[in-house]
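S.K.: Structure file data12.txt, compact mmCIF, C-alpha atoms, is pasted below:
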# COMPACT_ATOMS: atom_id res chain seq x y z
CA MET A 30 69.82 130.72 142.82
CA THR A 31 73.37 129.74 142.06
CA ALA A 32 74.92 126.88 143.95
CA SER A 33 77.77 129.01 145.27
CA VAL A 34 75.60 131.51 147.18
CA ASN A 35 74.42 129.25 149.99
CA GLN A 36 77.36 126.91 150.09
CA PRO A 37 79.33 126.97 153.35
CA THR A 38 82.79 128.45 153.18
CA PRO A 39 85.24 125.56 152.73
CA THR A 40 87.65 126.90 155.36
CA ALA A 41 87.04 128.91 158.51
CA PRO A 42 87.94 132.61 158.34
CA PRO A 43 91.43 133.33 159.71
CA GLU A 44 90.07 135.03 162.82
CA ASP A 45 88.07 131.93 163.70
CA SER A 46 91.16 129.76 163.33
CA VAL A 47 93.05 131.96 165.77
CA ARG A 48 90.09 131.96 168.15
CA ALA A 49 89.87 128.16 167.92
CA ALA A 50 93.59 127.87 168.70
CA LEU A 51 93.24 130.24 171.67
CA ASP A 52 90.25 128.27 172.95
CA ASP A 53 92.00 124.91 172.66
CA PRO A 54 93.16 123.67 176.13
CA ALA A 55 95.90 121.59 174.47
CA VAL A 56 97.32 124.74 172.86
CA ARG A 57 97.20 126.51 176.22
CA ALA A 58 99.08 123.62 177.85
CA LYS A 59 101.73 123.75 175.11
CA LEU A 60 102.07 127.52 175.52
CA LEU A 61 102.58 127.09 179.26
CA ALA A 62 105.26 124.48 178.59
CA HIS A 63 106.85 126.82 176.02
CA ALA A 64 106.92 129.65 178.56
CA ARG A 65 108.24 127.42 181.35
CA ALA A 66 111.04 126.11 179.12
CA VAL A 67 112.25 129.46 177.78
CA LEU A 68 111.60 131.77 180.75
CA ARG A 69 112.53 129.34 183.55
CA GLY A 70 110.80 131.67 185.99
CA HIS A 71 108.32 131.52 188.84
CA PRO A 72 105.08 129.69 187.85
CA ALA A 73 103.07 132.90 188.40
CA ASP A 74 105.33 134.83 186.01
CA VAL A 75 105.03 132.03 183.46
CA ALA A 76 101.23 132.14 183.69
CA ASP A 77 101.30 135.94 183.31
CA ALA A 78 103.48 135.63 180.21
CA VAL A 79 101.05 133.18 178.63
CA GLN A 80 98.16 135.46 179.48
CA GLU A 81 100.01 138.28 177.73
CA VAL A 82 100.42 136.08 174.65
CA PHE A 83 96.66 135.41 174.63
CA ARG A 84 95.80 139.09 175.01
CA ARG A 85 98.13 140.30 172.29
CA ALA A 86 97.39 137.43 169.92
CA TRP A 87 93.70 138.28 170.14
CA ASP A 88 94.46 141.94 169.33
CA ARG A 89 96.67 140.94 166.40
CA ARG A 90 94.55 138.08 165.10
CA HIS A 91 93.98 139.92 161.80
CA SER A 92 97.66 139.64 160.96
CA PHE A 93 97.47 135.83 160.79
CA ASP A 94 97.79 134.62 157.19
CA PRO A 95 96.44 131.09 156.68
CA ALA A 96 98.41 130.84 153.44
CA ILE A 97 101.65 130.68 155.49
CA GLY A 98 100.67 128.03 158.00
CA SER A 99 98.27 126.99 160.74
CA ALA A 100 96.89 129.35 163.38
CA GLU A 101 98.61 127.24 166.03
CA GLY A 102 101.97 127.63 164.27
CA TRP A 103 101.42 131.39 164.00
CA LEU A 104 100.51 131.57 167.69
CA PHE A 105 103.75 129.90 168.82
CA GLY A 106 105.83 132.15 166.56
CA PHE A 107 103.99 135.12 168.04
CA ALA A 108 104.54 133.76 171.56
CA ALA A 109 108.32 133.67 170.95
CA LEU A 110 108.20 137.43 170.25
CA VAL A 111 106.20 138.12 173.40
CA PHE A 112 108.47 135.94 175.55
CA ARG A 113 111.50 137.94 174.36
CA GLU A 114 109.81 141.12 175.56
CA VAL A 115 108.77 139.56 178.86
CA PHE A 116 112.33 138.34 179.39
CA ARG A 117 113.76 141.81 178.76
CA ALA A 118 111.08 143.53 180.85
CA ALA A 119 112.10 141.35 183.80
CA GLY A 120 115.57 142.89 183.58
CA ARG A 121 117.17 139.71 182.30
CA ARG A 122 119.83 139.86 179.61
CA PRO A 123 119.38 137.77 176.46
CA ALA A 124 122.35 136.16 174.65
CA GLN A 125 124.71 138.72 173.18
CA GLU A 126 126.67 136.42 170.89
CA PRO A 127 124.83 135.51 167.67
CA ASP A 128 124.15 131.85 166.89
CA ASP A 129 126.69 130.36 164.45
CA GLN A 130 124.50 128.62 161.90
CA ALA A 131 127.50 127.70 159.75
CA LEU A 132 128.70 125.31 162.45
CA TRP A 133 125.35 123.51 162.38
CA GLU A 134 125.57 123.30 158.59
CA LYS A 135 128.86 121.45 158.91
CA LEU A 136 127.01 118.55 160.47
CA ALA A 137 124.56 118.39 157.59
CA VAL A 138 127.17 118.13 154.82
CA ALA A 139 126.70 114.98 152.77
CA PRO A 140 129.19 112.23 152.14
CA VAL A 141 129.19 112.97 148.41
CA GLY A 142 131.73 112.03 145.78
CA THR A 143 133.84 108.94 145.52
CA ASP A 144 133.74 105.90 147.73
CA THR A 145 137.02 107.08 149.22
CA ASP A 146 135.38 110.34 150.26
CA THR A 147 132.55 108.39 151.88
CA ALA A 148 134.95 106.07 153.68
CA ASP A 149 137.01 109.02 154.92
CA ARG A 150 133.90 110.76 156.10
CA ARG A 151 132.68 107.64 157.87
CA LEU A 152 136.01 107.39 159.65
CA LEU A 153 135.72 111.01 160.70
CA VAL A 154 132.18 110.45 162.00
CA GLU A 155 133.32 107.38 163.92
CA ARG A 156 136.21 109.34 165.44
CA LEU A 157 133.85 112.11 166.51
CA LEU A 158 131.34 109.62 167.93
CA ASP A 159 134.13 108.02 169.95
CA ARG A 160 134.59 111.32 171.74
CA LEU A 161 130.97 111.61 172.85
CA PRO A 162 130.01 110.61 176.41
CA ALA A 163 128.43 107.13 176.40
CA GLU A 164 124.84 108.26 177.09
CA PHE A 165 124.80 110.66 174.11
CA ARG A 166 126.77 108.38 171.84
CA ALA A 167 124.28 105.53 172.37
CA ALA A 168 121.34 107.79 171.51
CA VAL A 169 123.02 109.28 168.40
CA GLU A 170 124.08 105.86 167.14
CA LEU A 171 120.59 104.42 167.58
CA ARG A 172 119.16 107.43 165.73
CA TYR A 173 121.57 107.60 162.78
CA LEU A 174 123.29 104.24 162.49
CA ASP A 175 120.29 102.08 163.42
CA GLU A 176 117.83 104.69 162.05
CA LEU A 177 115.39 104.27 164.94
CA ASP A 178 112.51 106.59 165.82
CA TYR A 179 112.43 108.29 169.21
CA PRO A 180 109.93 105.88 170.82
CA GLU A 181 112.19 102.98 169.76
CA ILE A 182 115.30 104.72 171.13
CA ALA A 183 113.40 105.42 174.37
CA GLY A 184 112.51 101.72 174.60
CA ARG A 185 116.09 100.60 174.02
CA LEU A 186 117.56 103.01 176.58
CA THR A 187 114.60 102.71 179.02
CA ILE A 188 114.07 106.46 179.11
CA THR A 189 111.15 108.70 178.10
CA VAL A 190 110.59 109.69 174.47
CA VAL A 191 111.33 113.36 175.15
CA ASN A 192 114.47 112.39 177.03
CA ALA A 193 115.57 110.34 174.01
CA ARG A 194 115.19 113.46 171.85
CA MET A 195 117.11 115.54 174.40
CA LYS A 196 119.99 113.05 174.40
CA VAL A 197 120.17 113.09 170.58
CA CYS A 198 120.03 116.91 170.56
CA ARG A 199 122.76 117.18 173.17
CA GLY A 200 124.82 114.59 171.27
CA LEU A 201 124.42 116.63 168.05
CA LYS A 202 125.44 119.80 169.89
CA LEU A 203 128.62 118.09 171.09
CA LEU A 204 129.28 116.74 167.59
CA ARG A 205 128.77 120.25 166.24
CA ASP A 206 131.39 121.53 168.66
CA LEU A 207 133.77 118.73 167.74
CA ALA A 208 133.18 119.25 164.00
CA GLY A 209 134.02 122.93 164.50
CA ILE A 210 137.52 121.96 165.56
CA ALA A 211 140.10 121.82 162.79
CA PRO A 212 141.06 118.18 161.92
CA GLY A 213 144.59 118.64 163.30
CA GLU A 214 143.20 119.67 166.69
CA GLU A 215 140.90 116.71 167.11
CA HIS A 216 143.22 114.58 169.16
CA SER A 217 144.58 117.33 171.33
CA MET B 13 124.65 111.64 156.98
CA ASN B 14 122.72 112.83 153.95
CA PRO B 15 121.86 116.54 153.51
CA ASN B 16 118.50 115.51 152.12
CA ASP B 17 117.75 113.49 155.18
CA ARG B 18 114.74 115.26 156.62
CA ARG B 19 115.17 113.56 159.95
CA LEU B 20 118.66 114.98 160.28
CA ARG B 21 117.48 118.45 159.28
CA LEU B 22 114.69 118.32 161.86
CA ASP B 23 117.03 117.03 164.55
CA LEU B 24 119.63 119.70 163.81
CA ALA B 25 116.97 122.41 163.96
CA ALA B 26 115.73 120.97 167.26
CA ALA B 27 119.28 120.87 168.65
CA ARG B 28 119.83 124.46 167.51
CA TYR B 29 116.56 125.45 169.18
CA LEU B 30 117.60 123.73 172.42
CA GLU B 31 120.87 125.62 172.39
CA ALA B 32 119.06 128.90 171.67
CA ILE B 33 116.82 128.34 174.71
CA GLU B 34 119.75 127.49 176.96
CA ARG B 35 121.67 130.58 175.78
CA ASP B 36 118.58 132.83 176.19
CA ASP B 37 119.02 133.57 172.47
CA PHE B 38 115.51 134.76 171.65
CA ASP B 39 116.41 136.04 168.17
CA THR B 40 117.33 132.52 167.04
CA GLN B 41 114.23 131.10 168.74
CA ILE B 42 112.06 133.56 166.82
CA GLU B 43 113.84 132.78 163.55
CA LEU B 44 113.32 129.03 164.08
CA TRP B 45 109.65 129.48 165.01
CA ARG B 46 109.16 131.40 161.73
CA VAL B 47 110.24 128.26 159.90
CA ALA B 48 108.13 126.06 162.19
CA GLU B 49 104.98 128.09 161.47
CA SER B 50 104.63 126.27 158.17
CA ASP B 51 106.20 123.00 159.33
CA PRO B 52 104.07 121.11 161.89
CA GLU B 53 106.70 118.37 162.28
CA LEU B 54 109.33 120.92 163.27
CA ALA B 55 106.87 122.61 165.64
CA ALA B 56 106.19 119.22 167.24
CA ALA B 57 109.94 118.70 167.69
CA PHE B 58 110.18 122.09 169.42
CA HIS B 59 107.31 121.19 171.75
CA GLU B 60 109.17 117.99 172.66
CA ILE B 61 112.22 120.10 173.50
CA HIS B 62 110.05 122.14 175.89
CA ALA B 63 108.75 118.92 177.49
CA GLY B 64 112.30 117.55 177.72
CA LEU B 65 113.60 120.70 179.41
CA ILE B 66 110.74 120.64 181.92
CA GLU B 67 111.44 116.95 182.60
CA GLU B 68 115.09 117.80 183.24
CA GLN B 69 114.13 120.73 185.51
CA GLN B 70 111.80 118.42 187.49
CA ALA B 71 114.47 115.73 187.74
CA ALA B 72 116.97 118.29 189.04
CA THR B 73 114.46 119.55 191.62
CA THR B 74 113.61 116.00 192.72
CA ALA B 75 117.30 115.13 193.08
CA ALA B 76 117.90 118.26 195.15
CA VAL B 77 114.93 117.52 197.44
CA GLN B 78 116.02 113.88 197.82
CA ALA B 79 119.55 114.95 198.72
CA VAL B 80 118.24 117.30 201.41
CA ALA B 81 115.81 114.66 202.73
CA GLU B 82 118.50 112.00 202.89
CA LYS B 83 120.85 114.37 204.68
CA HIS B 84 118.43 115.76 207.25
CA LEU B 85 115.69 113.11 207.61
CA THR B 86 117.85 110.08 208.11
CA SER B 87 115.03 107.95 209.52
CA GLY B 88 112.85 108.61 206.47
CA GLU B 89 112.66 106.57 203.30
CA VAL B 90 113.02 108.22 199.91
CA PHE B 91 110.75 106.40 197.50
CA ARG B 92 112.14 106.34 193.97
CA PRO B 93 109.79 105.16 191.25
CA ALA B 94 111.64 102.79 188.96
CA GLY B 95 110.93 100.88 185.79
CA GLY B 96 111.87 97.35 184.73
CA PRO B 97 111.92 94.18 186.80
CA VAL B 98 112.47 94.25 190.56
CA THR B 99 116.09 93.53 191.47
CA VAL B 100 117.56 91.46 194.30
CA ALA B 101 119.05 94.64 195.80
CA GLU B 102 115.68 96.43 195.84
CA VAL B 103 114.01 93.56 197.72
CA ALA B 104 116.93 93.27 200.15
CA ASP B 105 116.77 97.03 200.68
CA GLU B 106 113.05 96.83 201.41
CA LEU B 107 113.76 94.08 203.98
CA PHE B 108 116.50 96.21 205.51
CA ARG B 109 114.06 99.09 206.00
CA HIS B 110 111.15 96.93 207.14
CA THR B 111 112.86 94.02 208.84
CA PRO B 112 110.57 91.30 210.20
CA ASP B 113 111.07 90.13 213.79
CA ARG B 114 113.04 87.07 214.80
CA LEU B 115 115.31 86.76 211.78
CA PRO B 116 118.53 84.85 212.57
CA ALA B 117 121.83 86.74 212.48
CA ASP B 118 123.08 84.94 209.37
CA ALA B 119 119.93 86.10 207.52
CA HIS B 120 120.86 89.70 208.30
CA SER B 121 124.36 89.22 206.92
CA LEU B 122 123.01 87.53 203.78
CA ASN B 123 120.54 90.39 203.34
CA GLU B 124 123.37 92.90 203.64
CA ARG B 125 125.21 91.06 200.87
CA LEU B 126 122.10 90.95 198.66
CA ARG B 127 121.66 94.73 198.94
CA THR B 128 124.55 95.05 196.48
CA VAL B 129 123.21 92.55 193.91
CA THR B 130 121.61 94.48 191.04
CA GLU B 131 120.49 91.35 189.17
CA PRO B 132 116.77 91.32 188.26
CA LEU B 133 114.66 88.69 189.98
CA PRO B 134 112.95 86.10 187.79
CA THR B 135 109.19 86.58 187.61
CA ASP B 136 106.35 84.14 188.38
CA LEU B 137 108.48 81.64 190.28
CA GLY B 138 106.39 81.33 193.44
CA LEU B 139 107.96 80.94 196.87
CA THR B 140 109.42 77.46 196.27
CA GLY B 141 110.88 78.40 192.88
CA LEU B 142 112.30 81.64 194.26
CA VAL B 143 114.00 79.85 197.18
CA ALA B 144 115.53 77.28 194.83
CA TRP B 145 116.77 80.00 192.46
CA ALA B 146 118.12 82.23 195.23
CA GLU B 147 119.83 79.45 197.25
CA ALA B 148 121.51 78.18 194.09
CA LYS B 149 122.92 81.66 193.52
CA PHE B 150 123.49 83.12 196.96
CA GLY B 151 123.59 80.17 199.35
CA ALA B 152 121.15 78.77 201.91
CA ALA B 153 119.28 80.84 204.47
CA ALA B 154 116.60 80.21 207.09
CA ALA B 155 113.07 79.62 205.77
CA PRO B 156 111.62 82.72 207.52
CA TYR B 157 114.13 84.89 205.67
CA TRP B 158 113.07 83.63 202.24
CA LYS B 159 109.43 83.93 203.25
CA ALA B 160 110.00 87.58 204.19
CA PHE B 161 112.03 88.09 201.01
CA TYR B 162 109.19 86.72 198.90
CA ALA B 163 106.63 88.93 200.68
CA ALA B 164 108.80 91.99 200.05
CA LEU B 165 109.15 91.00 196.38
CA VAL B 166 105.36 90.75 195.99
CA LYS B 167 104.94 94.13 197.68
CA LEU B 168 107.45 95.81 195.34
CA ASP B 169 105.94 94.08 192.31
CA LEU B 170 102.48 95.39 193.20
CA ARG B 171 103.81 98.87 193.87
CA ARG B 172 105.55 98.95 190.48
CA ALA B 173 102.45 97.65 188.68
CA SER B 174 100.28 100.35 190.28
CA GLU B 175 102.81 103.04 189.27
CA THR B 176 102.68 101.81 185.68
CA GLU B 177 98.88 101.81 185.72
CA TYR B 178 98.85 105.30 187.20
CA GLN B 179 101.21 106.57 184.50
CA LEU B 180 99.11 104.98 181.75
CA ALA B 181 95.93 106.50 183.19
CA ALA B 182 97.55 109.92 183.52
CA ARG B 183 98.74 109.95 179.90
CA ALA B 184 96.60 112.10 177.59
CA ALA B 185 94.77 109.97 175.05
CA PRO B 186 95.47 110.94 171.41
CA LYS B 187 92.60 112.62 169.62
CA PRO B 188 90.85 110.53 166.96
CA GLU B 189 91.96 111.37 163.41
CA GLY B 190 88.71 113.19 162.55
CA GLU B 191 89.06 115.64 165.44
CA ARG B 192 92.52 116.94 164.56
Could you show the structure in this file as structure tokens?
M.R.:
Amino acid sequence: MTASVNQPTPTAPPEDSVRAALDDPAVRAKLLAHARAVLRGHPADVADAVQEVFRRAWDRRHSFDPAIGSAEGWLFGFAALVFREVFRAAGRRPAQEPDDQALWEKLAVAPVGTDTDTADRRLLVERLLDRLPAEFRAAVELRYLDELDYPEIAGRLTITVVNARMKVCRGLKLLRDLAGIAPGEEHS
Amino acid sequence: MNPNDRRLRLDLAAARYLEAIERDDFDTQIELWRVAESDPELAAAFHEIHAGLIEEQQAATTAAVQAVAEKHLTSGEVFRPAGGPVTVAEVADELFRHTPDRLPADAHSLNERLRTVTEPLPTDLGLTGLVAWAEAKFGAAAAPYWKAFYAALVKLDLRRASETEYQLAARAAPKPEGER
């Protein structure tokens, strides 16, 4: 008898991973939160939407490819598709304008090049930060100037960890809007 | 800000996701979840956005209910859980709502003044220490007033401690490493 015949499979089959994710109460709780956040509907509708995700995910479990990522990750990506359908089926109208990714990219551009470039860029960042409301500015500064993690920012601002992330996100959104303005328009 | 900074990339993706949710832009949400399928850290950031939005929805609902209660149930007390040390104003407010009998008139006027003082009260002073601290700062008052003030402080301290314990008990314990 060769050693490989009776050896257990090193990883669970894909279907079992999906089943395990569907059976996990923590995953169910996260799916409910996902639905509540994106659908903003009546609790019963939210529960129905999650149930629909479970039903369809079970039917489509064979399409999960463990080489791409975890079953949980696949499930949430799948849920986003189902929630779009649920949203439309309820007669609600999704966003018509496409997201402008280029504006987000502006924020991620590096201060490369000479020291003068870096200094100019720093000045620009400081000018933009000056225009943020105090609550968002404090969170963004703690995150990027003091390089703190979210629990540390939450401690400094005496808010919850998720609220600290929300303030940084909202601060970045405002910075994105400000960065989208041509330099000459900044002080208008 | 460095383009290679993973933290910044994650935060920007999370901010973009938040905006996509608020705009009902499901196409962008789906695109971002495709990336998150193979990136557990990004998925975790998205889950925090969900939790943050729910927290904001709950806060908005609470504020709306409180506004209605304060407008229409004027004799009621809206209890607001708070963190940090108990302040002078909170204790004075508690005394205003639950005023003990037979307090002299000047104690009432002092209490009214203290309802605007947001300074935190020092902890572990005891009655004598508290009276010395408070009279040095706010002027003398009748002994029964400070006794009532101290009792209200202890009550608020206990209430806050029990809230903290409740929140700690209600928090889900992280799974041990081996079970992830």
S.K.: When the cut-off is 9 Å and we count all atoms listed in the file, which residues of chain B are near chain A, given as a PyMOL selection string?
M.R.: chain B and resi 13-17+20-21+23-28+30-52+55+57-69+95-96
S.K.: Between CA of Leu157 in chain A and CA of Leu171 in chain A, what is the distance in Å, rounded to a tenth?
M.R.: 15.4 Å
S.K.: So what do you get for CA of Phe83 in chain A versus CA of Ala119 in chain A, distance-wise?
M.R.: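 Distance reported for this atom pair: 18.9 Å.
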S.K.: May I have the protein, DNA and RNA residues with any atom at most 12 Å from the point (105.7, 85.0, 197.4), counting only C-alpha atoms, written as a list of chain:residue names?
M.R.: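 Those residues lying close to the given coordinates are B:Val103, B:Thr135, B:Asp136, B:Leu137, B:Gly138, B:Leu139, B:Thr140, B:Gly141, B:Leu142, B:Val143, B:Pro156, B:Tyr157, B:Trp158, B:Lys159, B:Ala160, B:Phe161, B:Tyr162, B:Ala163, B:Ala164, B:Leu165, B:Val166, B:Lys167, B:Leu168, B:Asp169, B:Leu170.
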S.K.: CA of Arg117 in chain A and CA of Gln80 in chain A, how far apart in Å?
M.R.: 16.9 Å
S.K.: Of the candidates A:Asp45, A:Asp94, A:Asp149, A:Asp206, which one gets nearest to Leu132 in chain A if we count only C-alpha atoms?
M.R.: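 Once distances to Leu132 in chain A are computed over only C-alpha atoms, the minimum belongs to A:Asp206.
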S.K.: Taking all atoms listed in the file into account, which of B:Ser87, B:Thr130, B:Thr73, B:Gln78 comes nearest His110 in chain B?
M.R.: B:Ser87
S.K.: Can you tell me which residues surround Val100 in chain B at a distance of at most 12 Å, considering all atoms listed in the file, apart from same-chain residues fewer than 5 positions away, and format the answer as a JSON list (two decimals) with C-alpha atoms, in the frame of the given file?
M.R.:
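Heads up, here's the output in out_35.json:
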[["chain", "number", "residue", "atom", "x", "y", "z"],
["B", 105, "ASP", "CA", 116.77, 97.03, 200.68],
["B", 106, "GLU", "CA", 113.05, 96.83, 201.41],
["B", 107, "LEU", "CA", 113.76, 94.08, 203.98],
["B", 122, "LEU", "CA", 123.01, 87.53, 203.78],
["B", 123, "ASN", "CA", 120.54, 90.39, 203.34],
["B", 124, "GLU", "CA", 123.37, 92.90, 203.64],
["B", 125, "ARG", "CA", 125.21, 91.06, 200.87],
["B", 126, "LEU", "CA", 122.10, 90.95, 198.66],
["B", 127, "ARG", "CA", 121.66, 94.73, 198.94],
["B", 128, "THR", "CA", 124.55, 95.05, 196.48],
["B", 129, "VAL", "CA", 123.21, 92.55, 193.91],
["B", 130, "THR", "CA", 121.61, 94.48, 191.04],
["B", 131, "GLU", "CA", 120.49, 91.35, 189.17],
["B", 132, "PRO", "CA", 116.77, 91.32, 188.26],
["B", 133, "LEU", "CA", 114.66, 88.69, 189.98],
["B", 134, "PRO", "CA", 112.95, 86.10, 187.79],
["B", 135, "THR", "CA", 109.19, 86.58, 187.61],
["B", 142, "LEU", "CA", 112.30, 81.64, 194.26],
["B", 145, "TRP", "CA", 116.77, 80.00, 192.46],
["B", 146, "ALA", "CA", 118.12, 82.23, 195.23],
["B", 149, "LYS", "CA", 122.92, 81.66, 193.52],
["B", 150, "PHE", "CA", 123.49, 83.12, 196.96],
["B", 161, "PHE", "CA", 112.03, 88.09, 201.01],
["B", 162, "TYR", "CA", 109.19, 86.72, 198.90],
["B", 164, "ALA", "CA", 108.80, 91.99, 200.05],
["B", 165, "LEU", "CA", 109.15, 91.00, 196.38],
["B", 168, "LEU", "CA", 107.45, 95.81, 195.34]]
S.K.: Which one of A:His91, A:Asp77, A:Ser46, A:Ala148 sits closest to Val115 in chain A if you count only C-alpha atoms?
M.R.: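 Using only C-alpha atoms, Val115 in chain A sits closest to A:Asp77.
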S.K.: Nearest residue to Asp88 in chain A out of A:Val56, A:Val47, A:Ala118, A:Ala131, using only C-alpha atoms?
M.R.: A:Val47
S.K.: Kindly reconstruct range 161-172 of chain A with N, CA and C atoms and present the result as a CSV table (one decimal), keeping the file's coordinate frame.
M.R.:
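rebuild09.csv, written as the output of this step:
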chain,number,residue,atom,x,y,z
A,161,LEU,N,132.2,111.2,172.1
A,161,LEU,CA,131.0,111.6,172.8
A,161,LEU,C,130.9,110.8,174.1
A,162,PRO,N,130.3,111.4,175.2
A,162,PRO,CA,130.0,110.6,176.4
A,162,PRO,C,129.0,109.5,176.1
A,163,ALA,N,129.2,108.4,176.8
A,163,ALA,CA,128.4,107.1,176.4
A,163,ALA,C,126.9,107.3,176.2
A,164,GLU,N,126.3,108.1,177.1
A,164,GLU,CA,124.8,108.3,177.1
A,164,GLU,C,124.4,109.0,175.8
A,165,PHE,N,125.2,109.9,175.3
A,165,PHE,CA,124.8,110.7,174.1
A,165,PHE,C,125.2,109.8,172.9
A,166,ARG,N,126.3,109.2,173.0
A,166,ARG,CA,126.8,108.4,171.8
A,166,ARG,C,125.7,107.3,171.5
A,167,ALA,N,125.3,106.6,172.6
A,167,ALA,CA,124.3,105.5,172.4
A,167,ALA,C,123.0,106.1,171.7
A,168,ALA,N,122.6,107.2,172.1
A,168,ALA,CA,121.3,107.8,171.5
A,168,ALA,C,121.6,108.2,170.1
A,169,VAL,N,122.7,108.8,169.8
A,169,VAL,CA,123.0,109.3,168.4
A,169,VAL,C,123.2,108.1,167.5
A,170,GLU,N,123.9,107.0,168.0
A,170,GLU,CA,124.1,105.9,167.1
A,170,GLU,C,122.8,105.2,166.8
A,171,LEU,N,121.9,105.1,167.8
A,171,LEU,CA,120.6,104.4,167.6
A,171,LEU,C,119.8,105.2,166.6
A,172,ARG,N,119.9,106.5,166.6
A,172,ARG,CA,119.2,107.4,165.7
A,172,ARG,C,119.7,107.4,164.3
